Every structure is written in structure tokens, then in C-alpha cells.
>>> print(open('run_0.cif').read())   # mmCIF, C-alpha atoms (C1' of nucleotides)
data_coords
loop_
_atom_site.label_atom_id
_atom_site.label_comp_id
_atom_site.auth_asym_id
_atom_site.auth_seq_id
_atom_site.Cartn_x
_atom_site.Cartn_y
_atom_site.Cartn_z
CA MET A 3 0.00 0.00 0.00
CA LYS A 4 1.24 3.41 -0.91
CA TYR A 5 -0.44 6.62 0.15
CA ARG A 6 0.93 9.78 -1.39
CA VAL A 7 -0.21 13.29 -0.62
CA LEU A 8 -0.04 15.11 -3.95
CA LYS A 9 -1.07 18.53 -2.81
CA ARG A 10 -2.09 20.42 0.31
CA ASP A 11 -4.32 23.48 0.24
CA GLY A 12 -4.72 24.68 3.78
CA LEU A 13 -5.59 21.52 5.66
CA ALA A 14 -7.34 20.07 2.62
CA LYS A 15 -5.42 17.12 1.19
CA ARG A 16 -5.30 15.78 -2.33
CA ALA A 17 -3.84 12.28 -2.30
CA GLU A 18 -3.80 8.93 -3.98
CA MET A 19 -3.74 5.52 -2.37
CA GLU A 20 -2.50 2.46 -4.18
CA THR A 21 -4.12 -0.84 -3.29
CA VAL A 22 -4.13 -4.32 -4.75
CA HIS A 23 -7.47 -3.40 -6.30
CA GLY A 24 -6.28 -0.19 -7.90
CA VAL A 25 -5.63 3.44 -7.05
CA ILE A 26 -8.03 5.54 -5.00
CA GLN A 27 -8.01 9.27 -5.66
CA THR A 28 -8.88 11.24 -2.54
CA PRO A 29 -10.87 12.99 -1.24
CA VAL A 30 -13.28 10.19 -2.09
CA PHE A 31 -16.87 9.32 -1.34
CA MET A 32 -17.41 5.58 -0.95
CA ASN A 33 -20.72 4.28 -2.25
CA VAL A 34 -22.61 2.35 0.39
CA GLY A 35 -23.79 -1.12 -0.63
CA THR A 36 -24.44 -2.83 2.68
CA VAL A 37 -25.10 -6.35 1.46
CA GLY A 38 -22.72 -6.39 -1.47
CA ALA A 39 -25.06 -4.36 -3.63
CA ILE A 40 -26.15 -0.74 -3.78
CA LYS A 41 -29.83 -0.76 -2.89
CA GLY A 42 -32.12 0.17 -5.74
CA ALA A 43 -31.14 -2.40 -8.35
CA VAL A 44 -27.82 -0.73 -9.07
CA SER A 45 -25.29 -3.03 -10.72
CA THR A 46 -21.51 -2.91 -10.51
CA GLU A 47 -21.61 -1.99 -14.19
CA ASP A 48 -23.70 1.04 -13.22
CA LEU A 49 -21.11 1.95 -10.60
CA GLU A 50 -18.39 1.97 -13.23
CA ASN A 51 -20.55 4.31 -15.29
CA ILE A 52 -21.14 6.85 -12.52
CA GLY A 53 -17.54 7.13 -11.38
CA THR A 54 -17.59 5.05 -8.21
CA GLN A 55 -14.10 4.43 -6.85
CA VAL A 56 -14.80 2.44 -3.70
CA GLU A 57 -17.75 0.27 -2.77
CA LEU A 58 -18.56 -0.16 0.92
CA SER A 59 -20.08 -3.34 2.26
CA ASN A 60 -20.99 -4.42 5.72
CA THR A 61 -19.54 -7.20 7.81
CA TYR A 62 -22.53 -7.68 10.02
CA HIS A 63 -25.10 -7.78 7.21
CA LEU A 64 -23.09 -10.16 5.02
CA HIS A 65 -22.42 -12.38 8.01
CA VAL A 66 -26.10 -12.87 8.86
CA ARG A 67 -27.07 -13.18 5.21
CA THR A 68 -25.83 -14.97 3.18
CA GLY A 69 -22.71 -15.76 5.15
CA ASP A 70 -19.05 -14.82 4.80
CA LYS A 71 -17.91 -18.44 4.59
CA LEU A 72 -19.96 -18.93 1.44
CA ILE A 73 -18.48 -15.75 -0.03
CA LYS A 74 -14.97 -16.96 0.73
CA GLU A 75 -15.81 -20.24 -0.96
CA MET A 76 -16.99 -18.28 -3.99
CA GLY A 77 -13.62 -16.59 -4.20
CA GLY A 78 -14.20 -13.49 -2.06
CA LEU A 79 -16.51 -10.52 -2.29
CA HIS A 80 -14.81 -8.93 -5.31
CA LYS A 81 -15.29 -11.99 -7.46
CA PHE A 82 -18.72 -12.74 -5.97
CA MET A 83 -20.20 -9.35 -6.85
CA SER A 84 -18.03 -8.82 -9.93
CA TRP A 85 -16.33 -5.64 -8.79
CA ASN A 86 -12.60 -5.37 -9.20
CA ARG A 87 -12.06 -1.94 -7.69
CA PRO A 88 -11.51 -1.32 -3.98
CA ILE A 89 -14.03 -2.43 -1.37
CA LEU A 90 -14.10 -1.24 2.21
CA THR A 91 -15.91 -3.35 4.77
CA ASP A 92 -17.36 -1.84 7.88
CA SER A 93 -16.64 -3.94 10.96
CA GLY A 94 -20.12 -4.33 12.36
CA GLY A 95 -19.30 -2.11 15.32
CA PHE A 96 -21.84 0.46 14.27
CA GLN A 97 -24.62 -2.08 13.78
CA VAL A 98 -24.10 -3.27 17.32
CA PHE A 99 -24.87 0.26 18.38
CA SER A 100 -27.55 1.16 15.85
CA LEU A 101 -29.79 -1.81 15.22
CA ALA A 102 -29.21 -4.47 17.81
CA GLY A 103 -31.95 -3.86 20.31
CA LEU A 104 -30.86 -6.40 22.85
CA ARG A 105 -27.12 -6.34 23.27
CA LYS A 106 -24.54 -7.00 25.90
CA ILE A 107 -21.10 -5.46 25.66
CA LYS A 108 -18.30 -7.22 27.49
CA GLU A 109 -14.53 -7.23 27.28
CA GLU A 110 -14.52 -10.17 24.86
CA GLY A 111 -17.06 -8.65 22.50
CA VAL A 112 -20.76 -8.09 21.99
CA THR A 113 -23.70 -10.48 22.15
CA PHE A 114 -26.81 -9.39 20.34
CA ASN A 115 -29.80 -10.66 18.41
CA SER A 116 -29.89 -10.97 14.64
CA HIS A 117 -32.40 -8.59 13.03
CA ILE A 118 -33.19 -11.36 10.52
CA ASP A 119 -34.27 -14.23 12.74
CA GLY A 120 -33.54 -13.06 16.26
CA ARG A 121 -30.89 -15.67 16.92
CA LYS A 122 -28.10 -14.80 19.31
CA ILE A 123 -24.85 -13.68 17.70
CA PHE A 124 -21.50 -13.04 19.33
CA MET A 125 -19.07 -10.68 17.68
CA GLY A 126 -15.73 -9.52 18.98
CA PRO A 127 -12.58 -8.20 17.29
CA GLU A 128 -11.44 -11.65 16.18
CA GLU A 129 -14.85 -12.58 14.77
CA SER A 130 -15.18 -9.30 12.88
CA ILE A 131 -11.70 -9.57 11.38
CA GLN A 132 -12.24 -13.22 10.49
CA ILE A 133 -15.42 -12.29 8.63
CA GLN A 134 -13.76 -9.38 6.84
CA SER A 135 -10.87 -11.64 5.91
CA ASN A 136 -13.31 -14.14 4.46
CA LEU A 137 -14.84 -11.35 2.41
CA GLY A 138 -11.37 -10.30 1.26
CA SER A 139 -12.13 -6.58 1.19
CA THR A 140 -9.42 -4.11 0.26
CA ILE A 141 -9.77 -2.24 3.53
CA ALA A 142 -11.12 -3.75 6.73
CA MET A 143 -12.26 -1.64 9.65
CA ALA A 144 -11.38 -2.29 13.26
CA PHE A 145 -14.15 -3.56 15.52
CA ASP A 146 -15.09 -0.69 17.79
CA GLU A 147 -17.86 0.51 20.02
CA CYS A 148 -19.68 3.59 18.85
CA PRO A 149 -21.09 5.32 21.93
CA PRO A 150 -24.01 7.70 21.43
CA ALA A 151 -22.96 11.34 20.95
CA LEU A 152 -24.78 12.33 24.11
CA ALA A 153 -23.13 9.65 26.27
CA GLU A 154 -21.63 10.74 29.59
CA ARG A 155 -17.86 11.02 30.04
CA GLU A 156 -18.06 8.26 32.63
CA TYR A 157 -19.41 5.93 29.96
CA VAL A 158 -17.25 7.12 27.07
CA LEU A 159 -13.83 6.90 28.70
CA PRO A 160 -13.82 3.17 29.58
CA SER A 161 -15.57 2.42 26.28
CA VAL A 162 -12.79 4.13 24.31
CA GLU A 163 -10.11 2.33 26.33
CA ARG A 164 -11.78 -0.96 25.49
CA THR A 165 -11.94 0.04 21.81
CA THR A 166 -8.15 0.48 21.95
CA ARG A 167 -7.70 -3.01 23.40
CA TRP A 168 -10.03 -4.34 20.71
CA LEU A 169 -7.86 -2.62 18.08
CA GLU A 170 -4.78 -4.46 19.32
CA ARG A 171 -6.67 -7.73 19.03
CA CYS A 172 -7.82 -6.81 15.50
CA ILE A 173 -4.23 -6.11 14.47
CA ARG A 174 -3.02 -9.46 15.85
CA LYS A 175 -5.85 -11.37 14.21
CA MET A 176 -5.34 -9.73 10.85
CA ALA A 177 -1.59 -10.37 10.84
CA GLU A 178 -2.32 -14.01 11.60
CA LEU A 179 -4.91 -14.32 8.82
CA ASN A 180 -2.95 -12.39 6.18
CA ALA A 181 -0.11 -14.86 6.67
CA LYS A 182 -2.31 -17.87 5.92
CA GLU A 183 -2.07 -19.63 2.61
CA ASP A 184 -5.78 -19.76 1.76
CA THR A 185 -6.58 -16.15 2.66
CA VAL A 186 -8.55 -14.34 -0.05
CA ASN A 187 -6.65 -11.05 0.17
CA LYS A 188 -3.29 -11.41 1.88
CA GLU A 189 -2.70 -7.68 1.60
CA GLN A 190 -5.89 -6.66 3.37
CA LEU A 191 -5.47 -3.31 5.09
CA LEU A 192 -6.75 -2.39 8.54
CA PHE A 193 -7.95 1.07 9.50
CA GLY A 194 -8.17 1.98 13.19
CA ILE A 195 -11.07 4.00 14.54
CA ASN A 196 -10.95 7.01 16.82
CA GLN A 197 -13.75 7.43 19.34
CA GLY A 198 -14.53 9.74 22.23
CA ALA A 199 -17.95 11.22 21.53
CA ILE A 200 -17.78 15.02 21.82
CA TYR A 201 -15.01 15.14 24.42
CA ALA A 202 -11.99 16.64 22.68
CA ASP A 203 -9.49 15.51 25.32
CA ILE A 204 -10.64 11.89 25.10
CA ARG A 205 -10.54 12.06 21.31
CA ILE A 206 -7.02 13.49 21.33
CA GLU A 207 -5.64 10.97 23.81
CA HIS A 208 -7.19 8.16 21.81
CA ALA A 209 -5.88 9.55 18.50
CA LYS A 210 -2.34 9.66 19.89
CA ARG A 211 -2.69 6.16 21.28
CA ILE A 212 -3.89 4.51 18.06
CA ALA A 213 -1.45 6.49 15.93
CA GLU A 214 1.32 4.49 17.63
CA PHE A 215 0.14 1.33 15.87
CA ASP A 216 1.22 2.76 12.53
CA LEU A 217 -1.81 1.48 10.63
CA PRO A 218 -2.38 2.17 6.90
CA GLY A 219 -5.27 4.51 7.73
CA TYR A 220 -7.38 6.01 10.49
CA ALA A 221 -11.06 6.69 10.83
CA ILE A 222 -13.03 9.03 13.02
CA GLY A 223 -16.15 7.27 14.20
CA GLY A 224 -19.03 8.21 16.41
CA LEU A 225 -19.82 11.52 14.76
CA ALA A 226 -23.04 12.57 13.04
CA VAL A 227 -24.95 10.52 15.56
CA GLY A 228 -26.95 13.25 17.22
CA GLU A 229 -24.54 16.08 17.97
CA SER A 230 -24.74 19.46 16.21
CA HIS A 231 -22.73 20.31 13.11
CA GLU A 232 -20.73 22.82 15.13
CA GLN A 233 -19.76 20.11 17.63
CA MET A 234 -18.78 17.78 14.80
CA TYR A 235 -16.56 20.41 13.14
CA TYR A 236 -15.06 21.28 16.50
CA ILE A 237 -14.15 17.66 17.16
CA LEU A 238 -12.58 17.44 13.69
CA ASP A 239 -10.58 20.61 14.33
CA GLU A 240 -9.29 19.16 17.58
CA THR A 241 -8.72 15.55 16.56
CA VAL A 242 -7.42 15.39 12.98
CA PRO A 243 -4.07 17.08 13.84
CA PHE A 244 -3.30 14.18 16.17
CA LEU A 245 -3.78 11.52 13.52
CA PRO A 246 -0.71 10.73 11.34
CA ALA A 247 -0.38 13.42 8.64
CA ASP A 248 0.90 10.93 6.06
CA LYS A 249 -2.06 8.55 6.41
CA PRO A 250 -5.59 8.69 5.02
CA VAL A 251 -8.32 9.95 7.36
CA TYR A 252 -11.82 8.55 7.04
CA LEU A 253 -14.84 10.28 8.59
CA MET A 254 -17.33 7.48 9.03
CA GLY A 255 -20.95 7.87 8.00
CA VAL A 256 -20.70 11.51 6.92
CA GLY A 257 -22.58 13.09 5.38
CA THR A 258 -24.35 15.92 3.62
CA PRO A 259 -22.52 17.67 0.77
CA ALA A 260 -21.93 20.59 3.15
CA ASN A 261 -20.53 18.25 5.84
CA ILE A 262 -18.10 16.82 3.29
CA LEU A 263 -16.97 20.24 2.07
CA GLU A 264 -16.25 21.28 5.65
CA ALA A 265 -14.55 18.03 6.61
CA VAL A 266 -12.26 18.08 3.56
CA ASP A 267 -11.22 21.54 4.69
CA ARG A 268 -10.20 19.97 7.99
CA GLY A 269 -8.05 17.24 6.46
CA VAL A 270 -10.45 14.34 5.90
CA ASP A 271 -10.10 12.27 2.74
CA PHE A 272 -12.51 9.30 2.98
CA PHE A 273 -16.28 9.53 3.38
CA ASP A 274 -19.33 7.33 3.23
CA CYS A 275 -22.99 7.98 3.91
CA VAL A 276 -26.37 6.44 3.23
CA TYR A 277 -27.85 9.80 2.24
CA PRO A 278 -27.44 9.65 -1.54
CA THR A 279 -28.81 6.11 -1.72
CA ARG A 280 -31.52 6.25 0.91
CA ASN A 281 -32.65 9.68 -0.21
CA GLY A 282 -32.49 8.58 -3.84
CA ARG A 283 -34.92 5.80 -3.04
CA HIS A 284 -37.17 8.26 -1.26
CA ALA A 285 -37.27 10.96 -3.92
CA HIS A 286 -34.89 13.46 -2.31
CA MET A 287 -32.57 14.53 -5.09
CA TYR A 288 -29.34 16.48 -4.77
CA THR A 289 -28.54 19.24 -7.21
CA ASN A 290 -25.99 22.03 -7.34
CA HIS A 291 -28.73 24.46 -6.43
CA GLY A 292 -30.13 22.65 -3.42
CA LYS A 293 -32.15 19.58 -2.67
CA LEU A 294 -35.48 18.80 -4.25
CA ASN A 295 -38.20 16.38 -3.27
CA LEU A 296 -39.52 14.75 -6.43
CA MET A 297 -42.66 13.64 -4.59
CA ASN A 298 -43.79 17.26 -4.43
CA SER A 299 -46.79 17.83 -6.64
CA LYS A 300 -45.14 20.80 -8.33
CA TYR A 301 -43.03 18.33 -10.34
CA GLU A 302 -46.04 16.44 -11.66
CA LYS A 303 -45.77 17.97 -15.13
CA ASP A 304 -42.10 18.97 -15.02
CA ASP A 305 -40.54 17.88 -18.28
CA ARG A 306 -36.99 18.88 -17.29
CA PRO A 307 -34.30 16.49 -15.99
CA ILE A 308 -33.56 16.47 -12.26
CA GLU A 309 -30.69 18.83 -12.99
CA GLU A 310 -30.02 20.60 -16.28
CA GLY A 311 -26.67 19.58 -17.73
CA CYS A 312 -26.18 16.61 -15.37
CA GLN A 313 -24.55 13.70 -17.19
CA CYS A 314 -25.99 10.94 -14.99
CA PRO A 315 -28.02 8.11 -16.57
CA ALA A 316 -31.26 9.54 -15.12
CA CYS A 317 -30.81 13.12 -16.27
CA ARG A 318 -29.54 12.24 -19.72
CA ARG A 319 -32.78 10.58 -20.63
CA TYR A 320 -35.68 11.01 -18.21
CA SER A 321 -37.84 13.84 -16.91
CA ARG A 322 -38.71 14.78 -13.34
CA ALA A 323 -42.36 14.04 -14.13
CA TYR A 324 -41.56 10.50 -15.29
CA ILE A 325 -39.27 9.65 -12.38
CA ARG A 326 -41.85 11.11 -9.99
CA HIS A 327 -44.48 8.89 -11.56
CA LEU A 328 -42.25 5.83 -11.13
CA LEU A 329 -41.59 6.65 -7.49
CA LYS A 330 -45.28 7.24 -6.84
CA ALA A 331 -46.09 3.91 -8.43
CA LYS A 332 -43.36 2.30 -6.34
CA GLU A 333 -41.76 1.08 -9.50
CA MET A 334 -38.20 -0.15 -9.01
CA LEU A 335 -36.90 1.95 -11.88
CA GLY A 336 -37.81 5.11 -9.96
CA MET A 337 -35.54 4.18 -7.07
CA ARG A 338 -32.83 3.08 -9.40
CA LEU A 339 -32.77 6.35 -11.33
CA GLY A 340 -32.94 8.36 -8.09
CA VAL A 341 -30.01 6.47 -6.60
CA LEU A 342 -27.95 6.72 -9.78
CA HIS A 343 -28.48 10.46 -9.91
CA ASN A 344 -27.55 11.04 -6.28
CA LEU A 345 -24.46 8.81 -6.37
CA TYR A 346 -23.36 10.48 -9.58
CA PHE A 347 -23.86 13.84 -7.87
CA TYR A 348 -21.71 12.81 -4.88
CA ASN A 349 -19.00 11.23 -7.04
CA HIS A 350 -18.94 14.30 -9.25
CA LEU A 351 -18.81 16.62 -6.24
CA MET A 352 -15.68 14.77 -5.06
CA GLU A 353 -14.15 15.20 -8.51
CA GLU A 354 -14.74 18.93 -8.30
CA ILE A 355 -13.27 18.98 -4.80
CA ARG A 356 -10.13 17.19 -6.00
CA ALA A 357 -9.74 19.57 -8.93
CA ALA A 358 -10.13 22.58 -6.65
CA ILE A 359 -7.41 21.32 -4.29
CA ASP A 360 -5.14 20.46 -7.23
CA GLU A 361 -5.48 24.03 -8.41
CA GLY A 362 -5.01 25.52 -4.95
CA ARG A 363 -8.42 27.21 -4.83
CA TYR A 364 -10.23 25.06 -2.33
CA LYS A 365 -11.39 27.83 0.02
CA GLU A 366 -13.11 29.81 -2.73
CA PHE A 367 -14.54 26.66 -4.20
CA LYS A 368 -15.93 25.56 -0.84
CA ASN A 369 -17.52 28.91 -0.07
CA GLN A 370 -19.14 29.21 -3.47
CA LYS A 371 -20.37 25.61 -3.34
CA LEU A 372 -21.84 25.99 0.11
CA LYS A 373 -23.73 29.04 -1.11
CA ASP A 374 -25.03 27.21 -4.19
CA LEU A 375 -26.08 24.14 -2.24
CA ALA A 376 -27.92 26.18 0.36
CA GLY A 377 -29.91 27.83 -2.41
CA ASP A 378 -33.45 26.93 -3.19
CA THR A 379 -33.32 27.44 -6.92
CA ALA A 380 -33.39 23.74 -7.76
CA GLU A 381 -36.91 23.96 -9.06
"C1'" G B 771 -93.34 -4.79 -8.70
"C1'" U B 772 -92.72 -6.55 -3.27
"C1'" G B 773 -89.60 -7.19 1.05
"C1'" G B 774 -84.94 -6.48 3.44
"C1'" C B 775 -80.11 -4.15 4.04
"C1'" U B 776 -76.87 -0.03 3.23
"C1'" A B 777 -75.58 5.36 2.49
"C1'" U B 778 -70.07 9.21 7.29
"C1'" A B 779 -63.20 12.84 3.70
"C1'" G B 780 -60.73 10.52 -2.84
"C1'" C B 781 -61.23 4.96 -1.15
"C1'" G B 782 -62.35 1.46 2.97
"C1'" U B 783 -64.44 1.88 7.67
"C1'" A B 784 -65.50 3.38 13.39
"C1'" G B 785 -68.85 6.28 15.85
"C1'" U B 786 -71.60 3.62 23.01
"C1'" U B 787 -78.57 4.02 25.87
"C1'" G B 788 -79.22 10.93 21.32
"C1'" G B 789 -74.68 15.15 24.56
"C1'" U B 790 -68.75 19.88 23.21
"C1'" U B 791 -64.16 21.24 18.01
"C1'" A B 792 -67.19 13.54 14.01
"C1'" A B 793 -62.41 9.21 14.77
"C1'" C B 794 -59.08 5.51 12.20
"C1'" G B 795 -56.34 3.11 8.04
"C1'" C B 796 -54.95 3.90 3.02
"C1'" G B 797 -54.39 7.82 -0.38
"C1'" C B 798 -53.19 13.12 -0.90
"C1'" C B 799 -49.93 17.51 0.77
"C1'" A B 800 -45.40 18.72 3.33
"C1'" G B 801 -41.01 17.74 6.68
"C1'" A B 802 -37.34 14.52 8.97
"C1'" U B 803 -33.64 10.41 8.24
"C1'" U B 804 -25.52 10.76 8.54
"C1'" G B 805 -20.07 3.43 9.51
"C1'" U B 806 -28.64 1.59 5.48
"C1'" G B 807 -33.91 -3.53 7.82
"C1'" G B 808 -36.53 -1.15 0.12
"C1'" U B 809 -37.74 1.68 5.96
"C1'" U B 810 -39.54 4.30 9.97
"C1'" C B 811 -41.07 8.66 12.17
"C1'" U B 812 -43.46 13.79 12.48
"C1'" G B 813 -46.87 17.34 10.92
"C1'" G B 814 -50.99 19.19 7.54
"C1'" A B 815 -55.27 19.62 4.31
"C1'" G B 816 -59.77 17.39 3.32
"C1'" A B 817 -66.79 15.72 5.67
"C1'" U B 818 -72.80 21.27 5.29
"C1'" C B 819 -72.53 12.57 8.07
"C1'" G B 820 -77.04 10.64 0.41
"C1'" A B 821 -81.45 14.68 -0.16
"C1'" G B 822 -85.72 16.91 2.21
"C1'" G B 823 -88.82 17.23 6.38
"C1'" G B 824 -90.05 15.95 11.59
"C1'" U B 825 -89.32 14.75 17.16
"C1'" U B 826 -85.94 17.05 20.91
"C1'" C B 827 -82.86 22.01 24.94
"C1'" G B 828 -79.66 19.03 21.65
"C1'" A B 829 -79.69 14.31 15.85
"C1'" G B 830 -74.21 11.03 12.32
"C1'" U B 831 -77.41 8.40 15.98
"C1'" C B 832 -84.78 8.28 16.64
"C1'" C B 833 -89.30 8.91 12.98
"C1'" C B 834 -91.36 9.98 7.84
"C1'" U B 835 -90.71 10.83 2.51
"C1'" C B 836 -87.52 10.70 -1.58
"C1'" U B 837 -83.04 9.12 -4.21
"C1'" A B 838 -79.13 5.67 -5.20
"C1'" G B 839 -76.72 0.91 -4.57
"C1'" C B 840 -76.79 -4.26 -3.02
"C1'" C B 841 -79.49 -8.86 -1.80
"C1'" A B 842 -83.83 -11.96 -1.86
"C1'" C B 843 -88.62 -13.07 -3.84
"C1'" C B 844 -92.31 -12.52 -7.82
#
>>> encode(input="run_0.cif", output="C-alpha cells")
Amino acid sequence: MKYRVLKRDGLAKRAEMETVHGVIQTPVFMNVGTVGAIKGAVSTEDLENIGTQVELSNTYHLHVRTGDKLIKEMGGLHKFMSWNRPILTDSGGFQVFSLAGLRKIKEEGVTFNSHIDGRKIFMGPEESIQIQSNLGSTIAMAFDECPPALAEREYVLPSVERTTRWLERCIRKMAELNAKEDTVNKEQLLFGINQGAIYADIRIEHAKRIAEFDLPGYAIGGLAVGESHEQMYYILDETVPFLPADKPVYLMGVGTPANILEAVDRGVDFFDCVYPTRNGRHAHMYTNHGKLNLMNSKYEKDDRPIEEGCQCPACRRYSRAYIRHLLKAKEMLGMRLGVLHNLYFYNHLMEEIRAAIDEGRYKEFKNQKLKDLAGDTAE
RNA sequence: GUGGCUAUAGCGUAGUUGGUUAACGCGCCAGAUUGUGGUUCUGGAGAUCGAGGGUUCGAGUCCCUCUAGCCACC
């Protein structure tokens, strides 16, 4: 793995990361495809057409259905889903926090109930890494606990210390698995995750601590889970400087186009978020002049594309009125076109961000873009 | 033609022995959703209770007439 910073513009970084599955140009937005597929009947061929660099899949979801052992048997996730560019797998740590109703967190790991059939599942660092190794993703994420943003210090501190111990176990397990003969991807990379809710001192201490492990990349987790934007930006301001400057920084689960513009300006280079896909399925479309809700009746007879000049597969051919009709009729094609448009928008936004940093005009670009996006001239 | 049943928001329904601003689901209109359960949540608009008359302090509710629909019989 080689990570090279090509250009700095303020704190904004323009870099490229070489992996066994190809080069990633950063800043990058990873397209979220939880179960080895972007929801909305989007194929990997579509992803190639809309400029997707990295696909993100989920350890927990693939483990409960259809099973990581099967995927290993089928030659790994890349081969299975026919995608030869980079894949990042989330560790399942977030699912433990977000969708497991009944859960028990102990030193060894977490016991919780499957959302599919309710059966009891145990997952700890070793289990998560084993699953991710079976999937053979390009980048695996450490198994962490994601405490709620509003959690008390007294809860967060021991939780973060445990996350550090879990990281050490992840590192050991991955080294062991990468050395094995039958491992799908022997060069699988591990990113560590910084936690600490909205307590800057805990974040900083933890950042320093995990930086010592000299991992190929670092993530900031536990943000955009209920705190304000100001708090999130503040935590980024405080924390990013304590992560290694020559390593990629990944802000997990973020966010809106504005969030991304701000985070890039604070040194972040990897992002992922369900917004473009979930909102695409639910008729919320992103444009350079603000968001629009295609369900609104004012688009009933609107013959224009979602955004004039947009080169996505939806805008090149179909009208707002038609896509609205499809969404109203709950026709799959409506979701598909909505998702393709939004992902194209995000991927294209990242391209513009990279160009702006390359040309040393990121600040002006960001300010202008924020103004455009806040506008309500989409209609 | 005769008898019976029904009529409440765009659709399907609830509405106690008659008692304030007639309720619910779907749909419609809008808003949320940040390491995704094709969701889920939160608001809003919309009804002279089929029409007319009567009883009553008070009628969606009781009575009469009419209209429409459904069912049965001739």
C-alpha cells in the first residue's frame, strides 16, 4: 500500500492511495452497498458508469445473510459481486450500536440478536476480522464501540479504552490471517477508529494512542450521531491534527454535501454515507442548487431532468415528471434512477473537490459551493 | 313490482342508551432520516354525516318521505 499526498491546500489534502485493487483518488466518497449491492437495483456496471471508486459493504449484514464463509468459498466478495475496484468493509461495530436492540457489551465482545431471525450472535474483534478476511475486502475496519454522541464522560472513557484493546486484538488477528495460505486477500489493510464522543481531550488521547500502531489509515467514528454540526466540526478541528499526517483519514458515516466540504477543509479524505442512496430511493434529489423532493406535486408535469446539464443516466434521458411517476407507483426503476443520480452527484462533487485542491483554490470553491447548495433554486 | 339491508373525507371503515371542536387506516400535501432492515417517524389539508322534512334544549345516531346501490322473492 502506498499513500501519497499530492497537494495540500490549507488543511485540505489531495492524495492517492495504491491498493491491490487499484488506485483511490482522494478525497473520495465511498458508495454504500451494505449487502454487497447498492440498494435500488444498481449493478456494478452502473457503478463503473457513474464514477464510483470504492464500494462499501458491511460485515454484520453479510455475516447474517448470506454468510461470509460462502463468499470466501466463492472466491471473495470482489469476485462474488463482480467488482474489481476497492471495497471497504465496515466492521459491524456500528450495527451493534444502531440496530441491535438487545445487546450485551463485554470485554470479549458483543452479544446481540440478529435482526433477521432473532438468533443470538456473538461478535468480537477476532470474529469481525475473520469475517472481513473471508470477504477479502481491500480495507477492513477495526471492531469498535460507537457510543451515542450524548453519552456521559463516565461511559465514554472506559468504552474508548476498550476500543483500543479491541484494536490491538484486531491487528493481531489480521496479521495471523494475512499470513495464511488460503486467505482471499493477503494484503488486506486495517484502519483503526478514533472514538470519544464530543469530548476533545478523550478524542485526542485516543488519537495519539492509536497512531502508535502505525496502521495504513485512520477513521473518526461516532460523529453525526446526534450532535450538532458545530460540535462535529469542532471535534474534527481538535482531533485530525493528532492523527498521522501521512495517512488517510476517514470520517465514518458523513454526510451531507456541506458536511463533506467542511470536513475536507479539515483534512479528511474518505467519506461514506447512506444519504445519496436512501434519499435517492425516497425521492430526495441532490442538485448544485439545493435539494429537491420529487414527490412534491409541483413536479407532476415537469418535463426537465432532475438537474439541467447533469450527465448521470437519469438526467440524460428522463424527466422529473416521469421519475416522480415511477416513485409514486413504487416502480423499481424510480428508485434506481434516483439512486444513480444522487451517487453520480456525490461522485462528481468529489471530482470537483479534488480539482479545486489540485489548483489551490479550495477555500473559494468551498464557499461558493456551500452558497449554491444552500440555495433553493433547484426547481 | 314486493320485502330487506346499506348510504359518514378521494377509497375502505369506526362512531356507546341521542350530549362539546365527528375518529381511524390507506391515499393526498409537506417535513425529517448521517459506519442503510426497500424503511420508519413527524406534521398538515380534506366531511354542510345521500337529499328533504319531523321529534328534541340538543340528531351522524330516533321517525317519515324521496333518491341511489346491493341482496332476496315474484
>>> closest_residue(input="run_0.cif", among="B:A793, B:A800, B:C833, B:A779", to="chain A", atoms="only C-alpha atoms (C1' of nucleotides)")
B:A800
>>> interface_residues(input="run_0.cif", of="chain B", to="chain A", cutoff="7 Å", atoms="all atoms listed in the file", output="PDB file with C-alpha atoms (C1' of nucleotides), in the coordinates of the input")
ATOM      1  C1'   U B 804     -25.520  10.760   8.540  1.00  0.00           C
ATOM      2  C1'   G B 805     -20.070   3.430   9.510  1.00  0.00           C
ATOM      3  C1'   U B 806     -28.640   1.590   5.480  1.00  0.00           C
TER       4        U B 806
END
>>> resolve_selection(input="run_0.cif", expression="the PyMOL selection byres ((chain B and resi 834) around 10)", output="ChimeraX atom specification")
/B:823-824,833,835
>>> resolve_selection(input="run_0.cif", expression="the PyMOL selection byres ((chain B and resi 839) around 10)", output="PDB file with C-alpha atoms (C1' of nucleotides), keeping the file's coordinate frame")
ATOM      1  C1'   U B 776     -76.870  -0.030   3.230  1.00  0.00           C
ATOM      2  C1'   A B 777     -75.580   5.360   2.490  1.00  0.00           C
ATOM      3  C1'   A B 838     -79.130   5.670  -5.200  1.00  0.00           C
ATOM      4  C1'   C B 840     -76.790  -4.260  -3.020  1.00  0.00           C
TER       5        C B 840
END
>>> resolve_selection(input="run_0.cif", expression="the PyMOL selection byres ((chain A and resi 116) around 12)", output="ChimeraX atom specification")
/A:62-67,97-98,101-105,113-115,117-125 /B:807
>>> atom_distance(input="run_0.cif", atom1="C1' of C799 in chain B", atom2="C1' of U778 in chain B")
22.7 Å
>>> closest_residue(input="run_0.cif", among="B:G830, B:U818, B:U810, B:A802", to="A784 in chain B", atoms="only C-alpha atoms (C1' of nucleotides)")
B:G830
>>> residues_around(input="run_0.cif", residues="U787 in chain B", least_positions_apart="2", cutoff="12 Å", atoms="all atoms listed in the file", output="MDAnalysis selection string")
chainID B and resid 789 831:832
>>> residues_around(input="run_0.cif", residues="Arg319 in chain A", least_positions_apart="6", cutoff="10 Å", atoms="only C-alpha atoms (C1' of nucleotides)", output="mmCIF file with C-alpha atoms, keeping the file's coordinate frame")
data_model
loop_
_atom_site.group_PDB
_atom_site.id
_atom_site.type_symbol
_atom_site.label_atom_id
_atom_site.label_comp_id
_atom_site.auth_asym_id
_atom_site.auth_seq_id
_atom_site.Cartn_x
_atom_site.Cartn_y
_atom_site.Cartn_z
ATOM 1 C CA ARG A 306 -36.990 18.880 -17.290
ATOM 2 C CA PRO A 307 -34.300 16.490 -15.990
ATOM 3 C CA GLN A 313 -24.550 13.700 -17.190
#
>>> atom_distance(input="run_0.cif", atom1="CA of Cys314 in chain A", atom2="CA of Ile359 in chain A")
23.8 Å
>>> closest_residue(input="run_0.cif", among="B:C811, B:A817, B:C841, B:C836", to="C775 in chain B", atoms="all atoms listed in the file")
B:C841
>>> atom_distance(input="run_0.cif", atom1="CA of Leu191 in chain A", atom2="CA of Phe244 in chain A")
20.8 Å
>>> closest_residue(input="run_0.cif", among="A:Gly138, A:Pro88, A:Pro315, A:Pro259", to="Val186 in chain A", atoms="only C-alpha atoms")
A:Gly138
>>> closest_residue(input="run_0.cif", among="B:G820, B:G813, B:G797, B:G808", to="G782 in chain B", atoms="only C-alpha atoms (C1' of nucleotides)")
B:G797
>>> residues_near_point(input="run_0.cif", point="(-1.9, -5.7, 2.9)", cutoff="10 Å", atoms="all atoms listed in the file", output="PyMOL selection string")
chain A and resi 3+21-22+140-141+176-177+180+187-192+218
>>> closest_residue(input="run_0.cif", among="A:Glu156, A:Met19, A:Ile195, A:Ala142", to="Trp168 in chain A", atoms="only C-alpha atoms")
A:Ile195
>>> residues_around(input="run_0.cif", residues="Arg318 in chain A", least_positions_apart="6", cutoff="10 Å", atoms="only C-alpha atoms (C1' of nucleotides)", output="ChimeraX atom specification")
/A:307-312
>>> residues_around(input="run_0.cif", residues="Lys71 in chain A", least_positions_apart="5", cutoff="9 Å", atoms="only C-alpha atoms (C1' of nucleotides)", output="PyMOL selection string")
chain A and resi 65+76+133+136-137
